[in-house]
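Undergrad: run-v3.txt is the file, holding compact mmCIF, C-alpha atoms:
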```txt
# COMPACT_ATOMS: atom_id res chain seq x y z
CA MET A 1 35.96 0.28 -18.23
CA SER A 2 33.26 -0.87 -20.63
CA ALA A 3 34.15 -3.38 -23.32
CA TYR A 4 31.83 -1.57 -25.76
CA THR A 5 32.52 1.70 -27.54
CA PRO A 6 30.76 4.65 -25.86
CA PRO A 7 27.80 4.99 -28.32
CA VAL A 8 26.95 1.28 -27.96
CA GLN A 9 27.33 1.41 -24.19
CA ALA A 10 25.05 4.48 -24.05
CA LEU A 11 22.42 2.58 -26.06
CA ILE A 12 22.66 -0.45 -23.75
CA ASP A 13 22.36 1.81 -20.68
CA GLU A 14 19.27 3.57 -22.04
CA LEU A 15 17.56 0.30 -23.01
CA GLY A 16 18.41 -1.12 -19.59
CA ARG A 17 16.34 1.64 -17.95
CA LEU A 18 13.14 0.34 -19.57
CA PRO A 19 10.79 -1.68 -17.34
CA GLY A 20 11.40 -5.42 -17.48
CA VAL A 21 14.64 -5.07 -19.43
CA GLY A 22 17.71 -6.27 -17.56
CA PRO A 23 21.36 -5.72 -18.51
CA LYS A 24 21.51 -8.92 -20.56
CA SER A 25 18.30 -8.17 -22.50
CA ALA A 26 19.48 -4.58 -23.06
CA GLN A 27 22.70 -5.90 -24.57
CA ARG A 28 20.80 -8.31 -26.83
CA ILE A 29 18.37 -5.63 -28.05
CA ALA A 30 21.22 -3.14 -28.65
CA LEU A 31 23.22 -5.64 -30.72
CA HIS A 32 20.07 -6.58 -32.65
CA LEU A 33 19.43 -2.90 -33.46
CA LEU A 34 23.00 -2.43 -34.64
CA LYS A 35 22.65 -5.38 -36.99
CA ALA A 36 19.20 -4.31 -38.28
CA GLU A 37 18.57 -2.37 -41.48
CA ASP A 38 18.90 1.42 -41.26
CA HIS A 39 15.28 2.07 -42.24
CA ASP A 40 13.94 -0.39 -39.63
CA VAL A 41 15.86 1.38 -36.87
CA ALA A 42 14.78 4.80 -38.18
CA ARG A 43 11.14 3.66 -38.14
CA LEU A 44 11.42 2.57 -34.50
CA ALA A 45 13.10 5.84 -33.50
CA GLU A 46 10.45 7.85 -35.35
CA ALA A 47 7.60 5.87 -33.75
CA ILE A 48 9.00 6.60 -30.28
CA VAL A 49 9.47 10.32 -30.98
CA ILE A 50 6.02 10.76 -32.58
CA ALA A 51 4.22 8.81 -29.85
CA LYS A 52 5.97 10.82 -27.17
CA LYS A 53 5.21 14.11 -28.92
CA ARG A 54 1.56 13.47 -29.79
CA VAL A 55 0.29 11.34 -26.96
CA ARG A 56 -0.88 13.08 -23.79
CA PHE A 57 -3.43 12.63 -21.07
CA CYS A 58 -7.09 13.35 -21.84
CA GLU A 59 -8.00 16.64 -20.20
CA ARG A 60 -11.20 15.22 -18.77
CA CYS A 61 -10.53 11.60 -17.78
CA PHE A 62 -6.69 11.29 -17.91
CA ASN A 63 -6.86 8.36 -20.31
CA ILE A 64 -4.08 8.29 -22.91
CA ALA A 65 -5.14 10.44 -25.89
CA ASP A 66 -3.66 12.00 -29.02
CA GLU A 67 -5.87 15.09 -28.81
CA ASN A 68 -7.23 17.16 -25.93
CA LEU A 69 -9.94 14.60 -25.25
CA CYS A 70 -9.68 10.82 -25.61
CA PRO A 71 -11.94 8.87 -28.04
CA ILE A 72 -14.15 7.66 -25.16
CA CYS A 73 -14.80 11.18 -23.87
CA THR A 74 -15.69 12.45 -27.36
CA ASP A 75 -17.97 9.48 -28.15
CA THR A 76 -21.51 10.85 -27.79
CA ARG A 77 -23.08 7.37 -27.71
CA ARG A 78 -21.44 6.72 -24.34
CA GLU A 79 -23.63 6.94 -21.28
CA GLY A 80 -22.46 9.99 -19.32
CA SER A 81 -24.32 9.16 -16.12
CA MET A 82 -22.07 6.17 -15.34
CA LEU A 83 -18.45 6.79 -14.45
CA CYS A 84 -15.93 4.00 -13.95
CA VAL A 85 -12.92 4.98 -11.83
CA VAL A 86 -9.70 3.05 -12.58
CA GLU A 87 -6.09 3.26 -11.40
CA GLU A 88 -4.30 3.24 -14.75
CA ALA A 89 -5.17 3.77 -18.42
CA ARG A 90 -4.35 0.12 -19.15
CA ASP A 91 -7.27 -0.89 -16.90
CA ILE A 92 -9.60 0.86 -19.38
CA ILE A 93 -8.34 -1.46 -22.14
CA ALA A 94 -9.11 -4.49 -19.94
CA ILE A 95 -12.65 -3.25 -19.14
CA GLU A 96 -13.33 -2.23 -22.76
CA LYS A 97 -12.48 -5.78 -23.87
CA THR A 98 -15.40 -7.08 -21.80
CA GLY A 99 -17.83 -5.03 -23.90
CA VAL A 100 -20.14 -4.80 -20.87
CA PHE A 101 -19.57 -1.20 -19.81
CA ARG A 102 -20.92 1.66 -21.94
CA GLY A 103 -20.27 4.59 -19.62
CA ARG A 104 -17.25 6.84 -19.33
CA TYR A 105 -14.03 6.51 -17.33
CA HIS A 106 -11.82 8.43 -14.94
CA VAL A 107 -8.17 7.46 -14.49
CA LEU A 108 -6.65 8.27 -11.07
CA LEU A 109 -3.07 7.68 -12.32
CA GLY A 110 -2.31 5.48 -9.32
CA ALA A 111 -3.81 4.36 -6.01
CA ILE A 112 -3.61 5.67 -2.47
CA SER A 113 -0.66 3.96 -0.81
CA PRO A 114 -0.14 5.14 2.78
CA MET A 115 3.17 3.27 3.16
CA ASP A 116 4.63 4.95 0.08
CA GLY A 117 3.28 8.33 1.15
CA ILE A 118 0.92 8.55 -1.84
CA GLY A 119 -2.19 10.33 -0.62
CA PRO A 120 -5.37 11.57 -2.33
CA GLU A 121 -3.77 14.85 -3.40
CA GLN A 122 -1.17 13.03 -5.54
CA LEU A 123 -3.96 11.40 -7.57
CA LYS A 124 -6.62 12.83 -9.88
CA ILE A 125 -9.31 12.73 -7.20
CA ARG A 126 -10.01 16.46 -7.09
CA GLU A 127 -10.47 16.38 -10.88
CA LEU A 128 -12.93 13.50 -10.41
CA LEU A 129 -14.99 15.48 -7.88
CA THR A 130 -15.20 18.50 -10.17
CA ARG A 131 -16.46 16.33 -13.05
CA LEU A 132 -19.42 14.80 -11.26
CA GLU A 133 -21.85 17.71 -11.19
CA PRO A 134 -21.39 19.21 -14.70
CA GLU A 135 -21.64 15.74 -16.26
CA THR A 136 -24.68 14.79 -14.08
CA VAL A 137 -23.08 11.52 -13.03
CA ARG A 138 -25.51 9.24 -11.17
CA GLU A 139 -23.27 6.24 -10.47
CA VAL A 140 -19.55 5.98 -9.79
CA ILE A 141 -18.15 2.46 -10.17
CA VAL A 142 -14.85 2.09 -8.31
CA CYS A 143 -12.76 -0.33 -10.37
CA THR A 144 -9.46 -0.22 -8.46
CA ASN A 145 -7.38 -3.37 -7.98
CA PRO A 146 -8.48 -5.73 -5.18
CA THR A 147 -5.26 -5.00 -3.25
CA ILE A 148 -4.72 -3.08 -0.02
CA GLU A 149 -3.98 0.09 -2.03
CA GLY A 150 -7.02 -0.40 -4.24
CA ASP A 151 -9.25 -1.04 -1.22
CA VAL A 152 -7.96 2.07 0.60
CA THR A 153 -8.64 4.14 -2.52
CA ALA A 154 -12.14 2.70 -2.89
CA MET A 155 -13.05 3.37 0.75
CA TYR A 156 -11.62 6.86 0.57
CA LEU A 157 -13.71 7.61 -2.53
CA ALA A 158 -16.81 6.21 -0.87
CA ARG A 159 -16.22 8.58 2.04
CA ALA A 160 -15.45 11.58 -0.18
CA LEU A 161 -18.62 11.00 -2.24
CA SER A 162 -20.91 10.12 0.66
CA THR A 163 -22.28 13.67 0.95
CA LEU A 164 -23.32 13.76 -2.70
CA ASP A 165 -26.45 12.23 -4.14
CA ILE A 166 -24.50 9.70 -6.19
CA LYS A 167 -24.53 5.92 -6.03
CA VAL A 168 -21.03 4.59 -5.36
CA THR A 169 -20.40 0.95 -6.21
CA ARG A 170 -17.32 -1.26 -6.07
CA ILE A 171 -16.50 -3.87 -8.71
CA GLY A 172 -17.28 -7.39 -7.47
CA THR A 173 -14.65 -9.86 -6.31
CA GLY A 174 -15.22 -13.45 -7.30
CA LEU A 175 -14.05 -16.58 -9.03
CA PRO A 176 -12.41 -16.64 -12.44
CA VAL A 177 -14.64 -18.28 -15.05
CA GLY A 178 -13.46 -21.81 -15.83
CA GLY A 179 -11.72 -22.25 -12.47
CA ASP A 180 -12.38 -24.90 -9.85
CA LEU A 181 -14.03 -23.86 -6.59
CA GLU A 182 -11.73 -26.05 -4.51
CA TYR A 183 -8.68 -24.15 -5.71
CA ALA A 184 -10.08 -20.72 -4.88
CA ASP A 185 -8.39 -18.81 -2.07
CA GLU A 186 -10.54 -18.14 1.00
CA LEU A 187 -10.61 -14.33 0.77
CA THR A 188 -11.86 -14.38 -2.83
CA LEU A 189 -14.32 -17.20 -2.11
CA GLY A 190 -15.59 -15.35 0.98
CA ARG A 191 -16.16 -12.19 -1.01
CA ALA A 192 -17.79 -14.19 -3.81
CA LEU A 193 -20.27 -15.57 -1.25
CA GLU A 194 -20.97 -12.12 0.13
CA GLY A 195 -21.57 -10.80 -3.38
CA ARG A 196 -23.94 -13.67 -4.42
CA HIS A 197 -27.04 -12.80 -6.41
CA GLU A 198 -30.47 -14.30 -6.67
CA LEU A 199 -31.22 -16.71 -9.49
CA ARG A 200 -34.53 -16.26 -11.26
CA ASP A 201 -36.12 -18.49 -13.80
CA MET B 1 18.99 -26.29 -0.37
CA THR B 2 16.75 -25.62 2.56
CA ASN B 3 13.08 -25.03 2.99
CA TYR B 4 11.72 -23.69 6.24
CA ARG B 5 8.29 -23.13 7.69
CA ASP B 6 7.30 -20.14 9.77
CA GLU B 7 4.39 -17.93 10.72
CA ALA B 8 4.41 -14.35 9.52
CA VAL B 9 2.58 -11.06 9.19
CA VAL B 10 2.96 -9.46 5.76
CA LEU B 11 4.39 -5.95 6.22
CA ARG B 12 4.46 -4.70 2.67
CA THR B 13 4.92 -5.75 -0.94
CA TYR B 14 6.80 -4.40 -3.93
CA ARG B 15 6.01 -5.16 -7.54
CA LEU B 16 8.63 -7.24 -9.30
CA GLY B 17 8.73 -7.83 -13.05
CA GLU B 18 5.56 -8.75 -14.94
CA SER B 19 3.51 -10.57 -12.33
CA ASP B 20 5.67 -11.21 -9.25
CA ARG B 21 5.96 -9.43 -5.95
CA ILE B 22 8.63 -9.08 -3.30
CA VAL B 23 6.89 -9.70 0.00
CA VAL B 24 8.38 -8.29 3.20
CA MET B 25 7.12 -10.17 6.24
CA MET B 26 7.78 -10.30 9.95
CA THR B 27 8.20 -13.97 10.82
CA GLU B 28 8.10 -15.49 14.26
CA ALA B 29 11.39 -17.40 14.22
CA ASN B 30 13.41 -15.79 11.41
CA GLY B 31 12.84 -12.07 11.90
CA LYS B 32 12.03 -9.80 8.97
CA VAL B 33 12.27 -11.77 5.73
CA ARG B 34 12.10 -10.63 2.11
CA ALA B 35 10.82 -13.22 -0.31
CA VAL B 36 9.76 -13.43 -3.94
CA ALA B 37 6.21 -14.60 -4.55
CA LYS B 38 5.98 -15.67 -8.15
CA GLY B 39 2.95 -14.92 -10.30
CA VAL B 40 0.85 -13.49 -7.45
CA ARG B 41 -0.39 -10.50 -9.45
CA LYS B 42 -2.16 -12.76 -11.94
CA THR B 43 -5.86 -13.19 -11.23
CA ARG B 44 -5.52 -16.96 -11.15
CA SER B 45 -2.94 -16.93 -8.38
CA ARG B 46 -4.14 -18.49 -5.15
CA LEU B 47 -1.37 -16.90 -3.14
CA GLY B 48 -2.15 -13.31 -4.13
CA SER B 49 -4.83 -12.57 -1.58
CA ARG B 50 -2.93 -14.27 1.22
CA LEU B 51 0.16 -12.15 0.73
CA GLU B 52 -1.39 -8.70 1.00
CA PRO B 53 -0.15 -6.44 3.82
CA LEU B 54 -1.86 -7.12 7.20
CA SER B 55 -2.37 -10.84 6.38
CA HIS B 56 -1.32 -13.30 9.06
CA VAL B 57 -0.09 -16.47 7.40
CA SER B 58 1.78 -19.71 7.80
CA VAL B 59 4.41 -19.87 5.04
CA LEU B 60 6.83 -22.35 3.56
CA LEU B 61 9.89 -20.52 2.26
CA HIS B 62 12.86 -21.63 0.25
CA ARG B 63 16.05 -20.05 1.52
CA GLY B 64 17.80 -17.95 -1.10
CA ARG B 65 20.97 -15.87 -1.03
CA GLU B 66 19.32 -12.47 -0.65
CA LEU B 67 15.65 -13.09 -1.32
CA ASP B 68 13.83 -16.23 -0.25
CA ILE B 69 11.11 -17.77 -2.40
CA VAL B 70 7.55 -18.27 -1.20
CA THR B 71 6.57 -21.89 -1.84
CA GLN B 72 3.33 -22.33 0.11
CA VAL B 73 1.02 -20.06 2.06
CA GLU B 74 -1.76 -21.03 4.44
CA PRO B 75 -3.88 -18.23 5.89
CA LEU B 76 -4.20 -17.82 9.65
CA ASP B 77 -6.11 -14.54 9.44
CA THR B 78 -6.96 -12.68 6.24
CA ALA B 79 -7.53 -9.42 8.15
CA SER B 80 -10.87 -8.94 6.44
CA ALA B 81 -12.18 -6.95 9.44
CA LEU B 82 -9.37 -4.43 8.96
CA ARG B 83 -9.75 -4.35 5.19
CA ALA B 84 -13.39 -3.38 5.45
CA ASN B 85 -12.76 -0.19 7.44
CA LEU B 86 -10.68 2.72 6.16
CA ASP B 87 -9.59 3.99 9.59
CA LYS B 88 -8.65 0.57 10.95
CA MET B 89 -6.80 -0.28 7.77
CA THR B 90 -4.67 2.89 7.87
CA GLN B 91 -3.98 2.35 11.59
CA GLY B 92 -2.89 -1.20 10.81
CA LEU B 93 -0.65 0.00 7.98
CA ALA B 94 0.90 2.61 10.31
CA MET B 95 1.89 -0.20 12.69
CA LEU B 96 3.31 -2.31 9.84
CA GLU B 97 5.40 0.61 8.62
CA ALA B 98 6.87 1.19 12.09
CA VAL B 99 7.80 -2.51 12.43
CA ASP B 100 9.34 -2.46 8.94
CA GLN B 101 11.43 0.60 9.86
CA MET B 102 12.48 -0.52 13.33
CA THR B 103 13.65 -4.05 12.54
CA ILE B 104 16.61 -5.52 10.71
CA ASP B 105 16.42 -8.29 8.09
CA ARG B 106 16.79 -11.86 9.37
CA GLU B 107 17.26 -10.89 13.00
CA PRO B 108 14.76 -12.94 15.04
CA VAL B 109 12.53 -10.75 17.24
CA PRO B 110 9.72 -13.12 18.31
CA HIS B 111 8.44 -10.65 20.93
CA VAL B 112 7.91 -7.98 18.23
CA TYR B 113 6.10 -10.52 16.06
CA ARG B 114 3.79 -11.54 18.92
CA MET B 115 3.13 -7.89 19.80
CA LEU B 116 2.23 -7.10 16.18
CA VAL B 117 -0.16 -10.06 15.95
CA GLY B 118 -1.75 -9.00 19.25
CA ALA B 119 -2.09 -5.36 18.22
CA LEU B 120 -3.64 -6.22 14.85
CA GLY B 121 -6.06 -8.55 16.65
CA ALA B 122 -7.01 -5.79 19.10
CA LEU B 123 -7.54 -3.39 16.22
CA ALA B 124 -9.75 -5.88 14.36
CA GLN B 125 -11.88 -6.63 17.43
CA GLY B 126 -12.51 -3.28 19.00
CA GLY B 127 -10.20 -0.64 17.70
CA SER B 128 -9.31 1.55 20.65
CA SER B 129 -8.05 4.97 19.57
CA LEU B 130 -4.91 4.16 21.53
CA VAL B 131 -3.90 0.92 19.77
CA VAL B 132 -1.34 2.55 17.48
CA GLY B 133 0.15 4.84 20.16
CA ALA B 134 0.37 2.01 22.70
CA PHE B 135 1.91 -0.28 20.10
CA TYR B 136 4.58 2.32 19.26
CA LEU B 137 5.49 2.74 22.94
CA LYS B 138 5.67 -1.03 23.47
CA LEU B 139 7.73 -1.40 20.28
CA LEU B 140 10.19 1.27 21.47
CA ALA B 141 10.46 -0.47 24.85
CA ALA B 142 10.95 -3.88 23.20
CA GLU B 143 13.76 -2.55 21.03
CA GLY B 144 15.53 -0.99 24.02
CA PHE B 145 14.31 2.60 23.68
CA GLU B 146 11.77 2.67 26.51
CA PRO B 147 10.97 6.30 27.33
CA GLU B 148 12.01 7.43 30.81
CA LEU B 149 8.75 8.13 32.65
CA ALA B 150 9.86 8.00 36.31
CA ARG B 151 12.29 10.90 36.58
CA CYS B 152 13.76 13.83 34.70
CA THR B 153 16.18 12.68 31.98
CA SER B 154 18.54 15.59 32.76
CA CYS B 155 18.72 15.95 36.57
CA GLY B 156 17.01 12.78 37.80
CA SER B 157 14.40 14.63 39.82
CA GLY B 158 11.04 12.92 40.22
CA GLU B 159 9.11 16.13 40.87
CA GLU B 160 7.25 18.43 38.47
CA LEU B 161 7.72 16.39 35.30
CA VAL B 162 6.09 18.72 32.78
CA ALA B 163 7.76 18.13 29.42
CA PHE B 164 8.71 15.26 27.12
CA ASP B 165 11.87 15.51 25.04
CA VAL B 166 12.30 12.85 22.35
CA VAL B 167 16.00 13.66 21.91
CA ASN B 168 16.70 12.85 25.55
CA GLY B 169 14.16 10.02 25.44
CA GLY B 170 11.84 10.88 28.29
CA LEU B 171 10.30 13.30 30.74
CA GLN B 172 11.87 16.50 31.97
CA CYS B 173 11.29 18.61 35.08
CA ARG B 174 10.34 22.27 34.98
CA SER B 175 13.89 23.60 35.45
CA CYS B 176 15.57 21.28 32.87
CA ARG B 177 12.79 21.54 30.31
CA THR B 178 13.78 21.69 26.62
CA GLY B 179 10.99 19.66 24.98
CA PRO B 180 7.29 20.40 24.48
CA ALA B 181 4.87 20.23 27.40
CA ILE B 182 3.05 17.03 28.36
CA SER B 183 -0.10 16.77 30.47
CA SER B 184 -0.06 14.78 33.71
CA GLY B 185 -2.91 12.64 32.35
CA ALA B 186 -0.84 11.64 29.32
CA VAL B 187 2.11 10.75 31.59
CA ALA B 188 -0.16 8.54 33.71
CA LEU B 189 -1.58 6.88 30.60
CA MET B 190 1.90 6.17 29.20
CA ARG B 191 2.96 4.70 32.56
CA ARG B 192 -0.06 2.40 32.47
CA ILE B 193 0.73 1.27 28.91
CA LEU B 194 4.35 0.43 29.73
CA GLY B 195 3.69 -0.68 33.30
CA GLY B 196 1.62 -3.79 32.61
CA GLN B 197 -1.85 -2.24 32.54
CA LEU B 198 -2.21 -2.23 28.76
CA ALA B 199 -5.75 -3.61 28.65
CA ALA B 200 -7.00 -0.94 31.06
CA ALA B 201 -5.22 1.79 29.09
CA LEU B 202 -6.74 0.58 25.80
CA ALA B 203 -10.21 0.77 27.35
CA GLU B 204 -9.71 4.51 27.81
CA PRO B 205 -12.25 6.40 25.67
CA GLU B 206 -10.95 8.63 22.88
CA SER B 207 -9.97 12.05 24.25
CA ALA B 208 -7.42 14.84 23.90
CA MET B 209 -5.23 12.78 26.25
CA THR B 210 -5.22 9.65 24.04
CA HIS B 211 -4.42 11.86 21.04
CA GLU B 212 -1.55 13.41 22.99
CA VAL B 213 -0.09 9.98 23.84
CA THR B 214 -0.41 8.83 20.22
CA ARG B 215 1.28 12.01 18.99
CA ILE B 216 4.18 11.71 21.45
CA ALA B 217 4.61 7.99 20.69
CA THR B 218 4.67 8.76 16.95
CA VAL B 219 7.28 11.50 17.32
CA ALA B 220 9.39 9.23 19.56
CA ILE B 221 9.33 6.31 17.13
CA GLU B 222 10.02 8.59 14.16
CA ARG B 223 13.05 9.88 16.06
CA GLN B 224 14.35 6.30 16.48
CA CYS B 225 13.68 5.40 12.81
CA ASP B 226 15.26 8.70 11.79
CA ARG B 227 12.47 9.32 9.30
CA ARG B 228 8.83 10.28 9.06
CA LEU B 229 6.33 7.45 9.01
CA LYS B 230 4.37 8.04 5.82
CA SER B 231 1.17 6.22 6.71
CA VAL B 232 0.57 8.07 9.99
CA GLY B 233 -2.25 10.57 9.84
CA MET B 234 -2.69 10.38 6.08
CA PHE B 235 -6.45 10.77 6.33
CA GLU B 236 -6.71 12.87 9.47
CA ARG B 237 -6.11 15.98 7.41
CA HIS B 238 -8.95 15.20 5.02
CA ASP B 239 -11.77 13.98 7.24
```
Rewrite the structure from the file as structure tokens, please.

TA:
Amino acid sequence: MSAYTPPVQALIDELGRLPGVGPKSAQRIALHLLKAEDHDVARLAEAIVIAKKRVRFCERCFNIADENLCPICTDTRREGSMLCVVEEARDIIAIEKTGVFRGRYHVLLGAISPMDGIGPEQLKIRELLTRLEPETVREVIVCTNPTIEGDVTAMYLARALSTLDIKVTRIGTGLPVGGDLEYADELTLGRALEGRHELRD
Amino acid sequence: MTNYRDEAVVLRTYRLGESDRIVVMMTEANGKVRAVAKGVRKTRSRLGSRLEPLSHVSVLLHRGRELDIVTQVEPLDTASALRANLDKMTQGLAMLEAVDQMTIDREPVPHVYRMLVGALGALAQGGSSLVVGAFYLKLLAAEGFEPELARCTSCGSGEELVAFDVVNGGLQCRSCRTGPAISSGAVALMRRILGGQLAAALAEPESAMTHEVTRIATVAIERQCDRRLKSVGMFERHD
């Protein structure tokens, strides 16, 4: 039997289902909401409802959008011949922060994970293949995580695209800027050596 | 509070919280262990790359109630040869999944650990088409489910063994037959794998026979796990 009245317990249970929120945090957030001003709580509730109602996946790249196409797909200044493939929409935010990439994106909504039974057909790979020709893509940059799942996905894409006349590249693996070489792990350092580039004056 | 050192092959990982992972590994002396590796999903973590599935590592673990905590990791083999090849990597993952399914937490099975290390090494070096099938048969035998290959599982006859029934766990003669047919070549190959001629069997070139043995071994191990192995044949349908 719960010590809280049913409406409060229901609120705690719902909050507890959110990622990273445990039972104790759920309880703290619930009690904070109950103490907060009515209009503050209403604003939060409204923000959740509106975001959920208006936000959807971009029809072309599966980025998060509030219209049929996301802002990146509608931006005509973007270079359409370069396509960066990422696992999740949040990876786009990380790449956009670098300011280096001016092409477009494609979100797979996950990575191939054989041990979890997630294969190519569960991801947006077919949608990627159908995009390439109409958009005259010349280079696909595979920006999946440097994990086993990300590597499997990258190699699968390389194989799937090998018959097309498109350059397929993989994002480099190397050392974080500002780090010490002696503290680097051997797999990263090994890949950094493999991916070295020539210095020119 | 106790710390212990062991060697291990990482079987799989699960995301935990913001930047941690739960790492499931097959250790040499402590069996299958689940441990929390803190902060490994951050790019600055040194442990991250060492605790990916297929890695062979020497670890220092802190004993916890349910989950241990990874304190130090030294690499023994980063499995870079497997990670560079899609087919080898999926074959390796298929072996890891079978070990994960067939073993119980914290029950020491050093022979399974040594077999896994050997099989991953064989896969990295040459990659016979039979590595996974042979590994499954050896794993079944090691866990006490060695298929009966000498006589019929129903009547005990040693003549005309034409079928393999996974429910009965072995070959069947023509009159007792309930399972699907098996070729005499596949029977001979399976006998060589389980009868101490593994190296010779692995040297066998890829053929319909090696595929047959792999298929039978997969069905047999799935029967013992009581579930489908998800990583088996994921890409065969698409190539």

Undergrad: Which residues are close to stretch 4-20 of chain A, i.e. within 10 Å by all atoms listed in the file, leaving aside same-chain residues fewer than 2 positions away? Reply as a PyMOL selection string.

TA: (chain A and resi 1-2+22-31+33-34) or (chain B and resi 16-18)

Undergrad: Hey, which bits of chain A sit within 9 Å of chain B, and for each residue what's the closest pair of atoms and how far apart in Å (one decimal), counting only C-alpha atoms, rows by chain and increasing number, as JSON lines?

TA:
```
{"residue": "A:Pro19", "atom": "CA", "partner": "B:Gly17", "partner_atom": "CA", "distance": 7.8}
{"residue": "A:Gly20", "atom": "CA", "partner": "B:Gly17", "partner_atom": "CA", "distance": 5.7}
{"residue": "A:Ser113", "atom": "CA", "partner": "B:Ser231", "partner_atom": "CA", "distance": 8.1}
{"residue": "A:Pro114", "atom": "CA", "partner": "B:Ser231", "partner_atom": "CA", "distance": 4.3}
{"residue": "A:Met115", "atom": "CA", "partner": "B:Ser231", "partner_atom": "CA", "distance": 5.0}
{"residue": "A:Asp116", "atom": "CA", "partner": "B:Lys230", "partner_atom": "CA", "distance": 6.5}
{"residue": "A:Gly117", "atom": "CA", "partner": "B:Lys230", "partner_atom": "CA", "distance": 4.8}
{"residue": "A:Ile118", "atom": "CA", "partner": "B:Lys230", "partner_atom": "CA", "distance": 8.4}
{"residue": "A:Gly119", "atom": "CA", "partner": "B:Met234", "partner_atom": "CA", "distance": 6.7}
{"residue": "A:Pro120", "atom": "CA", "partner": "B:Phe235", "partner_atom": "CA", "distance": 8.8}
{"residue": "A:Pro146", "atom": "CA", "partner": "B:Ser49", "partner_atom": "CA", "distance": 8.5}
{"residue": "A:Thr147", "atom": "CA", "partner": "B:Glu52", "partner_atom": "CA", "distance": 6.8}
{"residue": "A:Ile148", "atom": "CA", "partner": "B:Glu52", "partner_atom": "CA", "distance": 6.6}
{"residue": "A:Asp151", "atom": "CA", "partner": "B:Arg83", "partner_atom": "CA", "distance": 7.2}
{"residue": "A:Val152", "atom": "CA", "partner": "B:Leu86", "partner_atom": "CA", "distance": 6.2}
{"residue": "A:Met155", "atom": "CA", "partner": "B:Leu86", "partner_atom": "CA", "distance": 5.9}
{"residue": "A:Tyr156", "atom": "CA", "partner": "B:Leu86", "partner_atom": "CA", "distance": 7.0}
{"residue": "A:Arg159", "atom": "CA", "partner": "B:Asp239", "partner_atom": "CA", "distance": 8.7}
{"residue": "A:Ala160", "atom": "CA", "partner": "B:Asp239", "partner_atom": "CA", "distance": 8.6}
{"residue": "A:Leu175", "atom": "CA", "partner": "B:Arg44", "partner_atom": "CA", "distance": 8.8}
{"residue": "A:Pro176", "atom": "CA", "partner": "B:Arg44", "partner_atom": "CA", "distance": 7.0}
{"residue": "A:Gly179", "atom": "CA", "partner": "B:Arg44", "partner_atom": "CA", "distance": 8.3}
{"residue": "A:Tyr183", "atom": "CA", "partner": "B:Arg46", "partner_atom": "CA", "distance": 7.3}
{"residue": "A:Ala184", "atom": "CA", "partner": "B:Arg46", "partner_atom": "CA", "distance": 6.4}
{"residue": "A:Asp185", "atom": "CA", "partner": "B:Arg46", "partner_atom": "CA", "distance": 5.3}
{"residue": "A:Glu186", "atom": "CA", "partner": "B:Pro75", "partner_atom": "CA", "distance": 8.3}
{"residue": "A:Leu187", "atom": "CA", "partner": "B:Ser49", "partner_atom": "CA", "distance": 6.5}
{"residue": "A:Thr188", "atom": "CA", "partner": "B:Ser49", "partner_atom": "CA", "distance": 7.4}
```

Undergrad: Write out as a compact mmCIF listing (two decimals) with C-alpha atoms, keeping the file's coordinate frame each polymer residue whose atoms come within 12 Å of B:Gly195, counting only C-alpha atoms; drop sequence neighbours fewer than 5 positions from it.

TA:
```txt
# COMPACT_ATOMS: atom_id res chain seq x y z
CA ALA B 134 0.37 2.01 22.70
CA LEU B 137 5.49 2.74 22.94
CA LYS B 138 5.67 -1.03 23.47
CA ALA B 141 10.46 -0.47 24.85
CA GLU B 146 11.77 2.67 26.51
CA PRO B 147 10.97 6.30 27.33
CA GLU B 148 12.01 7.43 30.81
CA LEU B 149 8.75 8.13 32.65
CA ALA B 150 9.86 8.00 36.31
CA VAL B 187 2.11 10.75 31.59
CA ALA B 188 -0.16 8.54 33.71
CA LEU B 189 -1.58 6.88 30.60
CA MET B 190 1.90 6.17 29.20
CA ALA B 200 -7.00 -0.94 31.06
CA ALA B 201 -5.22 1.79 29.09
```

Undergrad: What's around B:Glu143 at 9 Å? Count all atoms listed in the file, leave out sequence neighbours fewer than 4 positions away in its own chain, and write the answer as JSON, numbers by chain.

TA: {"B": [102, 103, 112, 138, 139]}

Undergrad: I want to know what sits within 6 Å of B:Val33, based on all atoms listed in the file, with residues of the same chain fewer than 2 positions away left out; could you give that as a PyMOL selection string?

TA: chain B and resi 24-25+105-106

Undergrad: So how many Å separate atom CA of B:Thr2 and atom CA of B:Val99, to one decimal?

TA: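 Atom CA of B:Val99 lies 26.7 Å from atom CA of B:Thr2.
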
Undergrad: Identify the residues around (-16.9, 5.5, -16.7) within a radius of 8 Å, measuring from only C-alpha atoms in the coordinates stated by the file, and give them as a ChimeraX atom specification.

TA: /A:80,82-85,101-106,140-141

Undergrad: Around all of stretch 24-41 of chain B's listed atoms, make the axis-aligned box with 3 Å on each side and tell me centre and edge lengths in Å to one decimal, as JSON.

TA:
```
{"center_x": 6.5, "center_y": -12.8, "center_z": 2.0, "size_x": 19.8, "size_y": 15.1, "size_z": 30.6}
```

Undergrad: Might you pull out every residue within 8 Å of A:Ile171, with all atoms listed in the file counted and same-chain residues fewer than 2 positions away left off, and present them as a PyMOL selection string?

TA: chain A and resi 141-144+169+173

Undergrad: Can you measure atom CA of A:Leu199 to atom CA of A:Arg170 for me? One decimal in Å is fine.

TA: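 For atom CA of A:Leu199 relative to atom CA of A:Arg170, the distance reads 21.1 Å.
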
Undergrad: Measure the distance from atom CA of B:Arg191 to atom CA of B:Gln91 in Å and round it to one decimal.

TA: 22.2 Å
